[in-house]
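Structure record follows, encoded as structure tokens.
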Amino acid sequence: MVDERPSLGTLPGTSKKHTMIKTTFLRSLLAAAMLAALPFGATTLLAATGDILETNEGNMLVFRGGGGGGTPGTFTTGFTNPKGVVFDGNGHVFVADAGKNSIIVFTLPAGAGSTYASGLNSPVGLAFDTAGNLYVSEAGSGNIIMFAPDKTKTTFGTGAGEASGLAFDNSGNLFVADFGGGRILKYTPGGTQSTFASGLDHPAGLAMDSAGNLFAADSGSGTIFKFAADGTKTSFTTGLERPYGLACDAADNLIVADNGDGATIRYSPTADKAVLFQSDFNTPAFLAVEPAQHQLLNISTRGFLRGGGDILIAGFVVSGNGPIGTSILVRALGPSLSAFGITDPLTDPVIELRDASGTLLASNNNWRDTQQDAISGAKLAPTDDRESALLTALHGGAFTAIVGSATGAPGTVVLEVYNVPTNF
């Protein structure tokens, strides 16, 4: 008989413990007693786009090609109690080791691991926002810790209970699973907390699909719940043993680590089930799918606005599906066009940026009103103060840039979208 520890390992105060009956201490992959002594270091099983990395006792496994290759291999070893996994989409994967109170980072495809941060209090969940800030849920303190790209550490939120899985939506809101409190919390980009859902039974992992639906692994009931953006709750699938980690791949398939049943499972968007791997002695915890990096080619369009509510629309697509966004600058030029022989330039353009669902992400009238230093630093500042520009980070998806007339007057306008290097 082997005590598999509280539901999420080192979480203090966990009221619900799970014990599994085993016939031997040996695991089908690696013996736990051996793993604790091994140093961090990736094996020859390199990670690639679409691969699944999964924490599993003292090691991290890799499912090649999204799990199409059968039995997983060992990507790296040497953890004490690894939980959350997240890719930055820029060649690194981060792992929360709750047993060592540390975050470990690996350079892909096969760089050795190193300690990114230490001195945490049972870190479990990991997530990146589009600006490249790393968020960590501390199950021991109920705090949400944020590390800026330069590794500056701040406390983003408090009072999250036994904080577990993390997930961001397209508007920059952070969702946190409170494992012991049976709820999901929502933090605005400014850190304001509210309760998004309650009455759950030990929610663990969270995942967000491209349509803005939030999935929650309800480990106590064995159910994966699906929450629409407005909070409407439905059961996506049931009958699992003890689901922990969740991740969505590029095709919006949901990958689930069922810790209690030793299974890694893929569900299609319509909940069709495929078991990627299962073993009685397997103990999967959390997982992530390696994303493709983002890419955008610059676009430009010119048109004539007839005045009033007339608008010019430019649609564009950012490829890739990593959590950290690519920097995009959108600008609308009007008054400066007269220098190029345009006799009817739009005198005061205003721009909006919206996602595929129509949600307003950003807007600007006169470019110096906001982000003046950042836009100037990108060397794409308009030459006339009445022209519009905005700089933001976007992850993969379809977007719409819209330009109109601030005064309602007619005129010719040029609308441009640029991919801005992060080191500009």
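Identifiers for the structure tokens are assigned positionally: chains receive A, B, ... in sequence, residues are indexed from 1 per chain, and ligands are indexed from 1 in the order shown.
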Neighbouring residues of A:Thr49 were defined as those with any atom within 6 Å, considering only C-alpha atoms; residues of the same chain fewer than 4 positions away were excluded. Please report them as a PyMOL selection string.
chain A and resi 290-292
Exercise: A:Leu361 partners within 8 Å, only C-alpha atoms, chain neighbours under 4 positions left out, as a PyMOL selection string
chain A and resi 171+352-355
Write out, as a PDB file, in the first residue's frame, the residues just selected, with N, CA and C atoms.
ATOM      1  N   SER A 171      -8.569  39.016 -22.603  1.00  0.00           N
ATOM      2  CA  SER A 171      -8.605  40.388 -22.077  1.00  0.00           C
ATOM      3  C   SER A 171      -7.603  40.611 -20.954  1.00  0.00           C
ATOM      4  N   GLU A 352      -9.337  51.624 -33.312  1.00  0.00           N
ATOM      5  CA  GLU A 352      -9.704  50.606 -32.339  1.00  0.00           C
ATOM      6  C   GLU A 352      -9.079  49.285 -32.759  1.00  0.00           C
ATOM      7  N   LEU A 353      -8.750  48.457 -31.778  1.00  0.00           N
ATOM      8  CA  LEU A 353      -8.263  47.103 -32.022  1.00  0.00           C
ATOM      9  C   LEU A 353      -9.198  46.135 -31.319  1.00  0.00           C
ATOM     10  N   ARG A 354      -9.725  45.180 -32.082  1.00  0.00           N
ATOM     11  CA  ARG A 354     -10.682  44.207 -31.533  1.00  0.00           C
ATOM     12  C   ARG A 354     -10.243  42.794 -31.885  1.00  0.00           C
ATOM     13  N   ASP A 355     -10.638  41.825 -31.022  1.00  0.00           N
ATOM     14  CA  ASP A 355     -10.324  40.433 -31.308  1.00  0.00           C
ATOM     15  C   ASP A 355     -11.428  39.805 -32.142  1.00  0.00           C
TER      16      ASP A 355
END
Closest pair table for stretch 210-264 of chain A residues within 10 Å of stretch 71-87 of chain A, only C-alpha atoms, as a Markdown table:
| residue | atom | partner | partner_atom | distance |
| --- | --- | --- | --- | --- |
| A:Tyr244 | CA | A:Lys83 | CA | 9.5 |
| A:Gly245 | CA | A:Gly84 | CA | 7.8 |
| A:Leu246 | CA | A:Gly84 | CA | 9.9 |
| A:Ala247 | CA | A:Val86 | CA | 9.6 |
For the residues in that selection, give me N, CA and C atoms as a PDB file, in the first residue's frame.
ATOM      1  N   TYR A 244      -6.234  16.344 -12.722  1.00  0.00           N
ATOM      2  CA  TYR A 244      -5.449  17.472 -12.218  1.00  0.00           C
ATOM      3  C   TYR A 244      -5.167  18.463 -13.354  1.00  0.00           C
ATOM      4  N   GLY A 245      -4.147  18.171 -14.148  1.00  0.00           N
ATOM      5  CA  GLY A 245      -3.692  19.133 -15.146  1.00  0.00           C
ATOM      6  C   GLY A 245      -4.543  19.161 -16.397  1.00  0.00           C
ATOM      7  N   LEU A 246      -4.653  20.372 -16.983  1.00  0.00           N
ATOM      8  CA  LEU A 246      -5.368  20.583 -18.238  1.00  0.00           C
ATOM      9  C   LEU A 246      -4.517  21.462 -19.150  1.00  0.00           C
ATOM     10  N   ALA A 247      -4.647  21.231 -20.454  1.00  0.00           N
ATOM     11  CA  ALA A 247      -4.008  22.100 -21.438  1.00  0.00           C
ATOM     12  C   ALA A 247      -4.745  21.966 -22.755  1.00  0.00           C
TER      13      ALA A 247
END
Can you check which residues of stretch 208-314 of chain A DSSP gives as strand (DSSP E) on the backbone and send them as JSON, numbers by chain?
{"A": [208, 214, 215, 216, 217, 218, 223, 224, 225, 226, 227, 233, 234, 235, 236, 237, 243, 244, 245, 246, 247, 248, 254, 255, 256, 257, 258, 263, 264, 265, 266, 267, 273, 274, 275, 276, 277, 278, 284, 285, 286, 287, 288, 289, 299, 300, 301, 302, 303, 304, 305, 311, 312, 313, 314]}
Please produce a file of those selected residues containing C-alpha atoms, as a PDB file, in the first residue's frame.
ATOM      1  CA  MET A 208      -8.546  28.383 -21.795  1.00  0.00           C
ATOM      2  CA  LEU A 214     -12.502  28.144 -19.441  1.00  0.00           C
ATOM      3  CA  PHE A 215     -12.083  24.468 -18.538  1.00  0.00           C
ATOM      4  CA  ALA A 216     -11.664  23.365 -14.919  1.00  0.00           C
ATOM      5  CA  ALA A 217     -10.533  19.951 -13.665  1.00  0.00           C
ATOM      6  CA  ASP A 218     -12.823  19.204 -10.712  1.00  0.00           C
ATOM      7  CA  THR A 223     -15.636  16.097 -13.923  1.00  0.00           C
ATOM      8  CA  ILE A 224     -14.227  18.620 -16.381  1.00  0.00           C
ATOM      9  CA  PHE A 225     -16.425  21.719 -16.278  1.00  0.00           C
ATOM     10  CA  LYS A 226     -16.636  24.202 -19.118  1.00  0.00           C
ATOM     11  CA  PHE A 227     -17.375  27.856 -18.402  1.00  0.00           C
ATOM     12  CA  LYS A 233     -21.305  26.365 -16.548  1.00  0.00           C
ATOM     13  CA  THR A 234     -21.709  23.000 -18.293  1.00  0.00           C
ATOM     14  CA  SER A 235     -20.182  19.548 -17.798  1.00  0.00           C
ATOM     15  CA  PHE A 236     -17.723  18.931 -20.624  1.00  0.00           C
ATOM     16  CA  THR A 237     -16.968  15.340 -19.593  1.00  0.00           C
ATOM     17  CA  PRO A 243      -8.167  14.933 -12.972  1.00  0.00           C
ATOM     18  CA  TYR A 244      -5.449  17.472 -12.218  1.00  0.00           C
ATOM     19  CA  GLY A 245      -3.692  19.133 -15.146  1.00  0.00           C
ATOM     20  CA  LEU A 246      -5.368  20.583 -18.238  1.00  0.00           C
ATOM     21  CA  ALA A 247      -4.008  22.100 -21.438  1.00  0.00           C
ATOM     22  CA  CYS A 248      -5.423  23.051 -24.836  1.00  0.00           C
ATOM     23  CA  LEU A 254      -8.238  19.407 -24.335  1.00  0.00           C
ATOM     24  CA  ILE A 255      -5.422  17.319 -22.824  1.00  0.00           C
ATOM     25  CA  VAL A 256      -6.146  15.954 -19.334  1.00  0.00           C
ATOM     26  CA  ALA A 257      -3.842  14.381 -16.736  1.00  0.00           C
ATOM     27  CA  ASP A 258      -5.986  11.986 -14.678  1.00  0.00           C
ATOM     28  CA  ALA A 263      -4.071   8.285 -17.670  1.00  0.00           C
ATOM     29  CA  THR A 264      -3.263  11.078 -20.071  1.00  0.00           C
ATOM     30  CA  ILE A 265      -6.330  11.735 -22.227  1.00  0.00           C
ATOM     31  CA  ARG A 266      -7.146  13.916 -25.215  1.00  0.00           C
ATOM     32  CA  TYR A 267     -10.673  15.235 -25.790  1.00  0.00           C
ATOM     33  CA  LYS A 273     -12.129  10.801 -25.994  1.00  0.00           C
ATOM     34  CA  ALA A 274      -8.760   9.275 -26.881  1.00  0.00           C
ATOM     35  CA  VAL A 275      -6.466   7.759 -24.242  1.00  0.00           C
ATOM     36  CA  LEU A 276      -2.872   8.717 -25.022  1.00  0.00           C
ATOM     37  CA  PHE A 277      -1.321   6.604 -22.268  1.00  0.00           C
ATOM     38  CA  GLN A 278      -2.486   4.757 -19.164  1.00  0.00           C
ATOM     39  CA  PRO A 284       0.449  12.291 -13.977  1.00  0.00           C
ATOM     40  CA  ALA A 285       0.049  15.721 -12.408  1.00  0.00           C
ATOM     41  CA  PHE A 286       0.126  18.793 -14.673  1.00  0.00           C
ATOM     42  CA  LEU A 287       0.968  19.267 -18.336  1.00  0.00           C
ATOM     43  CA  ALA A 288       1.462  21.727 -21.185  1.00  0.00           C
ATOM     44  CA  VAL A 289       1.626  21.577 -24.985  1.00  0.00           C
ATOM     45  CA  ILE A 299       0.143  45.054 -43.482  1.00  0.00           C
ATOM     46  CA  SER A 300      -1.100  48.382 -44.823  1.00  0.00           C
ATOM     47  CA  THR A 301      -4.291  49.600 -46.458  1.00  0.00           C
ATOM     48  CA  ARG A 302      -5.587  52.946 -47.714  1.00  0.00           C
ATOM     49  CA  GLY A 303      -9.167  54.129 -48.045  1.00  0.00           C
ATOM     50  CA  PHE A 304     -11.512  57.090 -48.130  1.00  0.00           C
ATOM     51  CA  LEU A 305     -13.921  57.707 -45.240  1.00  0.00           C
ATOM     52  CA  ILE A 311     -14.994  53.298 -41.007  1.00  0.00           C
ATOM     53  CA  LEU A 312     -12.105  51.467 -42.634  1.00  0.00           C
ATOM     54  CA  ILE A 313     -11.418  47.900 -41.471  1.00  0.00           C
ATOM     55  CA  ALA A 314      -8.230  45.859 -41.747  1.00  0.00           C
TER      56      ALA A 314
END
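When only C-alpha atoms are used to compute distances to A:Pro345, the closest of the residues A:Gly99, A:Gly180, A:Gly307, A:Pro109 turns out to be A:Gly307.
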Residue with smallest distance to A:Glu416 - pool A:Ser141, A:Ser118, A:Asn298, A:Thr370, counting only C-alpha atoms
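Using only C-alpha atoms, the shortest distance to A:Glu416 belongs to A:Asn298.
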May I have the residues within 10 Å of A:Asn364 as a VMD selection string, using only C-alpha atoms and disregarding those fewer than 4 positions away in the same chain?
chain A and resid 330 to 332 349 to 353 368 to 371 387 to 391 403
